[in-house]
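> What follows is target-v9.tsv; its format and atoms are TSV, C-alpha atoms.
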```tsv
chain	number	residue	atom	x	y	z
A	181	MET	CA	207.12	54.47	26.40
A	182	VAL	CA	203.51	54.99	25.30
A	183	ASP	CA	201.29	51.92	25.15
A	184	VAL	CA	200.05	51.97	21.54
A	185	PRO	CA	196.26	51.40	21.28
A	186	LEU	CA	195.05	48.39	19.32
A	187	THR	CA	193.11	50.60	16.90
A	188	TRP	CA	196.33	52.40	15.91
A	189	GLN	CA	198.04	49.07	15.35
A	190	LEU	CA	195.19	47.84	13.16
A	191	ALA	CA	195.22	51.11	11.21
A	192	LYS	CA	198.97	50.78	10.71
A	193	LEU	CA	198.50	47.21	9.49
A	194	GLY	CA	195.71	48.09	7.06
A	195	LEU	CA	197.41	51.19	5.66
A	196	SER	CA	200.76	49.43	5.23
A	197	ILE	CA	199.30	46.50	3.32
A	198	SER	CA	196.89	48.51	1.15
A	199	MET	CA	199.38	51.21	0.18
A	200	VAL	CA	202.15	48.77	-0.73
A	201	LEU	CA	199.76	46.58	-2.72
A	202	GLY	CA	198.29	49.58	-4.52
A	203	LEU	CA	201.54	51.15	-5.65
A	204	GLY	CA	203.19	47.76	-6.08
A	205	THR	CA	200.55	46.75	-8.63
A	206	ILE	CA	201.44	49.81	-10.70
A	207	ALA	CA	205.19	49.45	-10.30
A	208	VAL	CA	205.46	45.80	-11.27
A	209	ARG	CA	203.48	46.38	-14.48
A	210	ALA	CA	205.88	49.10	-15.55
A	211	SER	CA	209.47	48.97	-16.78
A	212	PRO	CA	212.28	48.61	-14.22
A	213	ARG	CA	213.14	52.27	-14.85
A	214	VAL	CA	209.64	53.40	-13.87
A	215	ALA	CA	209.60	50.88	-11.01
A	216	GLY	CA	212.82	52.42	-9.74
A	217	LEU	CA	211.26	55.86	-9.81
A	218	LEU	CA	208.09	54.64	-8.09
A	219	SER	CA	210.21	52.91	-5.44
A	220	GLY	CA	211.10	56.43	-4.34
A	221	TYR	CA	207.44	57.32	-3.73
A	222	PRO	CA	206.99	58.05	0.00
A	223	LEU	CA	205.02	55.05	1.18
A	224	GLY	CA	207.25	53.61	3.89
A	225	THR	CA	208.61	56.98	4.95
A	226	ALA	CA	205.13	58.47	5.10
A	227	LEU	CA	203.78	55.65	7.24
A	228	ALA	CA	206.83	55.65	9.53
A	229	LEU	CA	206.79	59.40	10.16
A	230	PHE	CA	203.00	59.53	10.52
A	231	PHE	CA	202.85	56.78	13.16
A	232	ILE	CA	205.95	58.11	14.91
A	233	GLY	CA	204.05	61.39	15.24
A	234	LEU	CA	200.88	59.61	16.34
A	235	GLU	CA	202.54	57.31	18.88
A	236	ILE	CA	205.20	59.67	20.26
A	237	SER	CA	204.42	63.28	19.28
A	238	PRO	CA	204.15	65.51	16.18
A	239	THR	CA	207.14	67.50	17.47
A	240	PHE	CA	209.29	64.38	17.63
A	241	ALA	CA	208.15	63.40	14.11
A	242	THR	CA	209.04	66.87	12.83
A	243	GLN	CA	212.52	66.64	14.32
A	244	SER	CA	212.90	63.13	12.88
A	245	ALA	CA	211.81	64.29	9.42
A	246	VAL	CA	214.67	66.78	9.33
A	247	HIS	CA	217.13	63.92	9.79
A	248	THR	CA	215.21	61.74	7.34
A	249	LEU	CA	216.22	64.22	4.63
A	250	ALA	CA	219.87	63.20	5.09
A	251	GLY	CA	218.96	59.57	5.84
A	252	PHE	CA	218.10	58.90	2.19
A	253	THR	CA	221.84	58.89	1.55
A	254	ALA	CA	222.07	55.72	3.64
A	255	THR	CA	219.27	54.22	1.53
A	256	MET	CA	221.30	54.74	-1.64
A	257	ALA	CA	224.29	53.19	0.10
A	258	LEU	CA	222.14	50.15	0.86
A	259	GLY	CA	221.35	49.84	-2.85
A	260	ALA	CA	225.03	50.10	-3.74
A	261	GLY	CA	225.95	47.47	-1.16
A	262	TYR	CA	223.29	45.11	-2.49
A	263	LEU	CA	224.46	45.75	-6.03
A	264	LEU	CA	228.07	44.84	-5.24
A	265	THR	CA	227.52	41.82	-3.03
A	266	GLY	CA	224.35	40.26	-4.49
A	267	ARG	CA	225.56	39.37	-7.97
A	268	GLN	CA	224.82	35.65	-7.69
A	269	PRO	CA	221.40	34.25	-8.66
A	270	GLY	CA	218.91	32.69	-6.29
A	271	VAL	CA	218.85	32.63	-2.52
A	272	LYS	CA	222.62	32.85	-2.19
A	273	GLY	CA	222.70	36.14	-4.06
A	274	ILE	CA	219.75	37.49	-2.08
A	275	VAL	CA	221.33	36.67	1.28
A	276	SER	CA	224.72	38.12	0.36
A	277	GLY	CA	223.05	41.18	-1.17
A	278	VAL	CA	220.97	41.82	1.96
A	279	LEU	CA	223.99	41.43	4.23
A	280	GLY	CA	226.10	43.74	2.07
A	281	GLY	CA	223.29	46.26	1.77
A	282	PHE	CA	222.64	46.33	5.52
A	283	ALA	CA	226.36	46.73	6.22
A	284	ALA	CA	226.55	49.74	3.88
A	285	TRP	CA	223.33	51.21	5.32
A	286	LEU	CA	224.51	50.84	8.92
A	287	ALA	CA	227.92	52.36	8.19
A	288	VAL	CA	226.47	55.44	6.47
A	289	SER	CA	223.63	55.77	9.01
A	290	THR	CA	226.11	55.73	11.89
A	291	LEU	CA	228.12	58.46	10.20
A	292	LEU	CA	225.02	60.60	9.54
A	293	ALA	CA	223.83	60.25	13.14
A	294	GLN	CA	226.92	62.14	14.30
A	295	PHE	CA	225.70	65.38	12.71
A	296	ASN	CA	222.94	67.78	13.71
A	297	PHE	CA	221.26	68.42	10.37
A	298	THR	CA	218.97	71.26	9.39
A	299	ARG	CA	216.43	71.12	6.56
A	300	LEU	CA	218.92	72.78	4.23
A	301	SER	CA	221.99	70.73	5.14
A	302	GLY	CA	220.07	67.44	5.17
A	303	THR	CA	218.61	68.13	1.72
A	304	LEU	CA	221.98	69.19	0.32
A	305	VAL	CA	223.67	66.03	1.60
A	306	THR	CA	221.15	63.82	-0.18
A	307	LEU	CA	221.19	65.91	-3.36
A	308	CYS	CA	224.97	65.52	-3.51
A	309	ALA	CA	224.60	61.79	-2.87
A	310	ILE	CA	222.04	61.51	-5.70
A	311	VAL	CA	224.56	63.03	-8.10
A	312	VAL	CA	227.35	60.75	-6.88
A	313	PHE	CA	225.35	57.50	-6.95
A	314	SER	CA	223.72	58.34	-10.29
A	315	TRP	CA	227.19	58.81	-11.75
A	316	LEU	CA	228.44	55.57	-10.20
A	317	PHE	CA	225.41	53.66	-11.56
A	318	ARG	CA	225.45	55.28	-15.02
A	319	ARG	CA	226.98	52.29	-16.85
A	320	ILE	CA	224.49	49.74	-15.53
A	321	PRO	CA	222.46	48.51	-18.53
A	322	ASP	CA	218.67	48.80	-18.52
A	323	VAL	CA	217.23	45.29	-18.43
A	324	LYS	CA	213.48	44.83	-18.77
A	325	SER	CA	212.08	41.73	-17.09
A	326	THR	CA	209.06	39.91	-18.40
A	327	ALA	CA	205.88	39.39	-16.37
A	328	SER	CA	206.12	36.25	-14.24
A	329	ARG	CA	206.27	35.23	-10.61
A	330	ALA	CA	207.68	38.60	-9.54
A	331	PHE	CA	204.48	40.25	-10.73
A	332	SER	CA	202.00	37.74	-9.27
A	333	TRP	CA	199.55	38.43	-6.46
A	334	PRO	CA	201.35	36.05	-4.08
A	335	ALA	CA	204.58	37.99	-4.72
A	336	LEU	CA	202.81	41.30	-4.10
A	337	ALA	CA	201.28	39.90	-0.92
A	338	ALA	CA	204.72	38.76	0.27
A	339	ARG	CA	206.11	42.20	-0.50
A	340	ALA	CA	203.30	43.89	1.42
A	341	GLY	CA	203.77	41.54	4.36
A	342	LEU	CA	207.51	42.15	4.58
A	343	ALA	CA	207.06	45.90	4.22
A	344	THR	CA	204.46	45.86	7.01
A	345	VAL	CA	206.84	44.01	9.33
A	346	ILE	CA	209.53	46.62	8.63
A	347	ILE	CA	207.09	49.48	9.32
A	348	PHE	CA	206.08	47.96	12.66
A	349	ALA	CA	209.73	47.45	13.58
A	350	ILE	CA	210.72	51.02	12.69
A	351	THR	CA	207.87	52.66	14.59
A	352	ARG	CA	208.43	50.43	17.64
A	353	ILE	CA	212.19	50.98	17.75
A	354	ALA	CA	211.67	54.75	17.36
A	355	HIS	CA	210.28	54.86	20.92
A	356	TRP	CA	213.77	54.13	22.26
A	357	LEU	CA	215.77	56.33	19.89
A	358	PRO	CA	216.61	60.03	19.59
A	359	PRO	CA	215.19	61.92	16.57
A	360	GLU	CA	218.48	61.54	14.68
A	361	TRP	CA	218.21	57.75	14.52
A	362	ALA	CA	214.42	57.67	14.27
A	363	GLY	CA	214.62	59.93	11.23
A	364	THR	CA	217.30	57.77	9.64
A	365	LEU	CA	215.16	54.66	10.20
A	366	ALA	CA	212.20	56.41	8.58
A	367	ALA	CA	214.31	56.75	5.42
A	368	PHE	CA	214.81	52.97	5.24
A	369	PRO	CA	213.63	51.55	1.85
A	370	VAL	CA	210.55	49.82	3.24
A	371	THR	CA	208.89	49.20	-0.13
A	372	MET	CA	211.96	48.98	-2.36
A	373	LEU	CA	213.84	46.25	-0.47
A	374	PRO	CA	211.04	43.62	-0.59
A	375	PHE	CA	210.57	44.38	-4.30
A	376	LEU	CA	214.28	43.84	-4.94
A	377	LEU	CA	214.23	40.50	-3.12
A	378	ILE	CA	211.27	39.18	-5.10
A	379	LEU	CA	212.65	40.49	-8.39
A	380	HIS	CA	216.05	38.96	-7.66
A	381	PHE	CA	214.56	35.59	-6.79
A	382	SER	CA	212.43	35.51	-9.96
A	383	HIS	CA	214.67	37.19	-12.55
A	384	GLY	CA	218.20	37.37	-11.20
A	385	HIS	CA	220.56	40.24	-10.55
A	386	ALA	CA	220.29	42.19	-13.84
A	387	PRO	CA	216.79	43.73	-13.45
A	388	VAL	CA	217.53	44.37	-9.78
A	389	ALA	CA	220.56	46.41	-10.85
A	390	THR	CA	218.33	48.39	-13.23
A	391	VAL	CA	215.92	49.30	-10.42
A	392	ILE	CA	218.81	50.33	-8.15
A	393	LYS	CA	220.30	52.39	-11.00
A	394	HIS	CA	217.16	54.54	-11.32
A	395	TYR	CA	216.32	54.70	-7.62
A	396	PRO	CA	218.43	57.82	-6.82
A	397	MET	CA	216.57	59.92	-9.40
A	398	GLY	CA	213.26	58.78	-7.87
A	399	LEU	CA	214.26	60.21	-4.49
A	400	GLY	CA	213.06	63.67	-5.48
A	401	SER	CA	209.51	62.75	-4.48
A	402	LEU	CA	210.73	61.47	-1.10
A	403	LEU	CA	212.70	64.65	-0.50
A	404	SER	CA	209.68	66.75	-1.50
A	405	TYR	CA	207.42	64.80	0.84
A	406	THR	CA	209.77	64.86	3.81
A	407	LEU	CA	210.65	68.52	3.44
A	408	CYS	CA	206.94	69.37	3.22
A	409	VAL	CA	205.89	67.42	6.34
A	410	SER	CA	208.81	68.86	8.32
A	411	TYR	CA	206.93	72.16	8.02
A	412	THR	CA	203.28	71.07	7.89
A	413	TYR	CA	203.20	68.62	10.82
A	414	SER	CA	203.53	71.55	13.23
A	415	THR	CA	201.20	73.88	11.34
A	416	LEU	CA	198.50	71.65	9.80
A	417	GLY	CA	198.69	68.57	12.03
A	418	LEU	CA	199.56	64.99	11.13
A	419	LEU	CA	196.64	64.23	8.79
A	420	TRP	CA	196.63	67.39	6.68
A	421	GLY	CA	200.41	67.61	6.84
A	422	THR	CA	200.63	64.08	5.41
A	423	LEU	CA	198.17	64.91	2.61
A	424	ALA	CA	200.16	68.05	1.78
A	425	GLY	CA	203.32	65.96	1.66
A	426	PHE	CA	201.75	63.45	-0.74
A	427	LEU	CA	200.62	66.31	-2.97
A	428	ALA	CA	204.15	67.71	-3.09
A	429	ALA	CA	205.62	64.26	-3.82
A	430	THR	CA	203.10	63.53	-6.57
A	431	LEU	CA	203.64	66.87	-8.28
A	432	TRP	CA	207.41	66.35	-8.24
A	433	LEU	CA	207.12	62.80	-9.61
A	434	LEU	CA	204.75	63.81	-12.42
A	435	GLY	CA	206.96	66.75	-13.33
A	436	TRP	CA	210.10	64.60	-13.36
A	437	MET	CA	208.49	61.91	-15.53
A	438	GLN	CA	207.34	64.57	-18.01
A	439	LEU	CA	210.83	66.06	-18.09
A	440	THR	CA	212.54	62.71	-18.69
A	441	ALA	CA	210.00	61.80	-21.40
A	442	TRP	CA	210.67	65.11	-23.16
A	443	TYR	CA	214.43	64.56	-22.90
A	444	GLN	CA	214.16	61.08	-24.41
A	445	ARG	CA	212.02	62.36	-27.29
A	446	ARG	CA	214.50	65.15	-27.90
A	447	ASN	CA	217.44	62.74	-28.06
A	448	ALA	CA	215.51	60.37	-30.32
```
Now, as a test, write the supplied structure out as structure tokens.

Amino acid sequence: MVDVPLTWQLAKLGLSISMVLGLGTIAVRASPRVAGLLSGYPLGTALALFFIGLEISPTFATQSAVHTLAGFTATMALGAGYLLTGRQPGVKGIVSGVLGGFAAWLAVSTLLAQFNFTRLSGTLVTLCAIVVFSWLFRRIPDVKSTASRAFSWPALAARAGLATVIIFAITRIAHWLPPEWAGTLAAFPVTMLPFLLILHFSHGHAPVATVIKHYPMGLGSLLSYTLCVSYTYSTLGLLWGTLAGFLAATLWLLGWMQLTAWYQRRNA
């Protein structure tokens, strides 16, 4: 295993904290629906794949990215598991939700790791899962939470700290894993899970359910990013490949938000 230089570790720390704080500030000031969409923005996945490529090799990161495309299905399963088991308020609901979510994530991840996905098959699996989970979540009411402790700077700092710990764990564990499992780990909801925990603690289960409800439709930006870097890491390199991926994800997210706004105006 490669001994990771201290400068890379410091860069990983700084990027993880700053990116989560930056997007988190936007997300927590928006409605739970928008927060759910922004939870699908490729922060954790981008950092995980980038540092996997930097610490191991761009080729390994490219192979992992292909399996990340299918790994987002396990992320939606985590949300469903949390939704079903974390209905109680307070710490008890958070603990049971995390345990149920991890159990669902591990079960689906283990199943996905048995297959040798391509870009096409991995994308199709997640697209089908988006349709299925969106249908399953369709009756969850939209609950808007008011600004309070969940939106405070200490809460954002806690979210950034937890997300950073998860990023370090994923990139360290990836050194011992094949691309199939490394790619699935890169799809783990690094930024969404801490947000759910803080929101649950401050406002209860209802707004958490709203975020989970809209999360599958926000995965389009993650799919766009991951599909882009699976091509550009080997042609443009890690830095420019990452920037190209963020461009693809941002364009998809802006387009989707415009489309949903137009649809709502049309129905109104």
> Can you tell me, as a list in words, what residues are no more than 9 Å from segment 312-324 of chain A when counting only C-alpha atoms, ignoring any on the same chain fewer than 6 positions away?
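My list of contacting residues is Ser211, Pro212, Arg213, Met256, Ala257, Ala260, Ala386, Pro387, Val388, Ala389, Thr390, Val391, Ile392, Lys393, His394, Tyr395, Pro396 and Met397 of chain A.
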> Give me the residues within 8 Å of segment 296-298 of chain A as a list in words, counting all atoms listed in the file and dropping any in the same chain fewer than 6 places off.
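With the cut-off at 8 Å, the set is Val246, His247, Ala250 and Glu360 of chain A.
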> Any idea what the distance is between atom CA of His355 of chain A and atom CA of Pro238 of chain A?
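It comes out at 13.2 Å.
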> Find, counting all atoms listed in the file, the residue in A:Leu263, A:Leu423, A:Leu300, A:Ile350 that gets nearest to Pro369 of chain A.
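Checking each of A:Leu263, A:Leu423, A:Leu300, A:Ile350 against Pro369 of chain A, counting all atoms listed in the file, the winner is A:Ile350.
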> Using all atoms listed in the file, find the one residue out of A:Gly302, A:Gly341, A:Gly259, A:Gly233 that sits nearest to Val278 of chain A.
A:Gly259
> Residues near Ser244 of chain A, anyone? I mean within 9 Å using all atoms listed in the file, not counting same-chain ones fewer than 6 positions away, as a PDB file with C-alpha atoms, in the coordinates of the input.

```
ATOM      1  CA  LEU A 229     206.790  59.400  10.160  1.00  0.00           C
ATOM      2  CA  ILE A 232     205.950  58.110  14.910  1.00  0.00           C
ATOM      3  CA  PRO A 358     216.610  60.030  19.590  1.00  0.00           C
ATOM      4  CA  PRO A 359     215.190  61.920  16.570  1.00  0.00           C
ATOM      5  CA  GLU A 360     218.480  61.540  14.680  1.00  0.00           C
ATOM      6  CA  TRP A 361     218.210  57.750  14.520  1.00  0.00           C
ATOM      7  CA  ALA A 362     214.420  57.670  14.270  1.00  0.00           C
ATOM      8  CA  GLY A 363     214.620  59.930  11.230  1.00  0.00           C
ATOM      9  CA  THR A 364     217.300  57.770   9.640  1.00  0.00           C
ATOM     10  CA  ALA A 366     212.200  56.410   8.580  1.00  0.00           C
ATOM     11  CA  SER A 410     208.810  68.860   8.320  1.00  0.00           C
TER      12      SER A 410
END
```
> By how many Å are atom CA of Phe368 of chain A and atom CA of Gln294 of chain A apart?
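Calculated distance between atom CA of Phe368 of chain A and atom CA of Gln294 of chain A is 17.7 Å.
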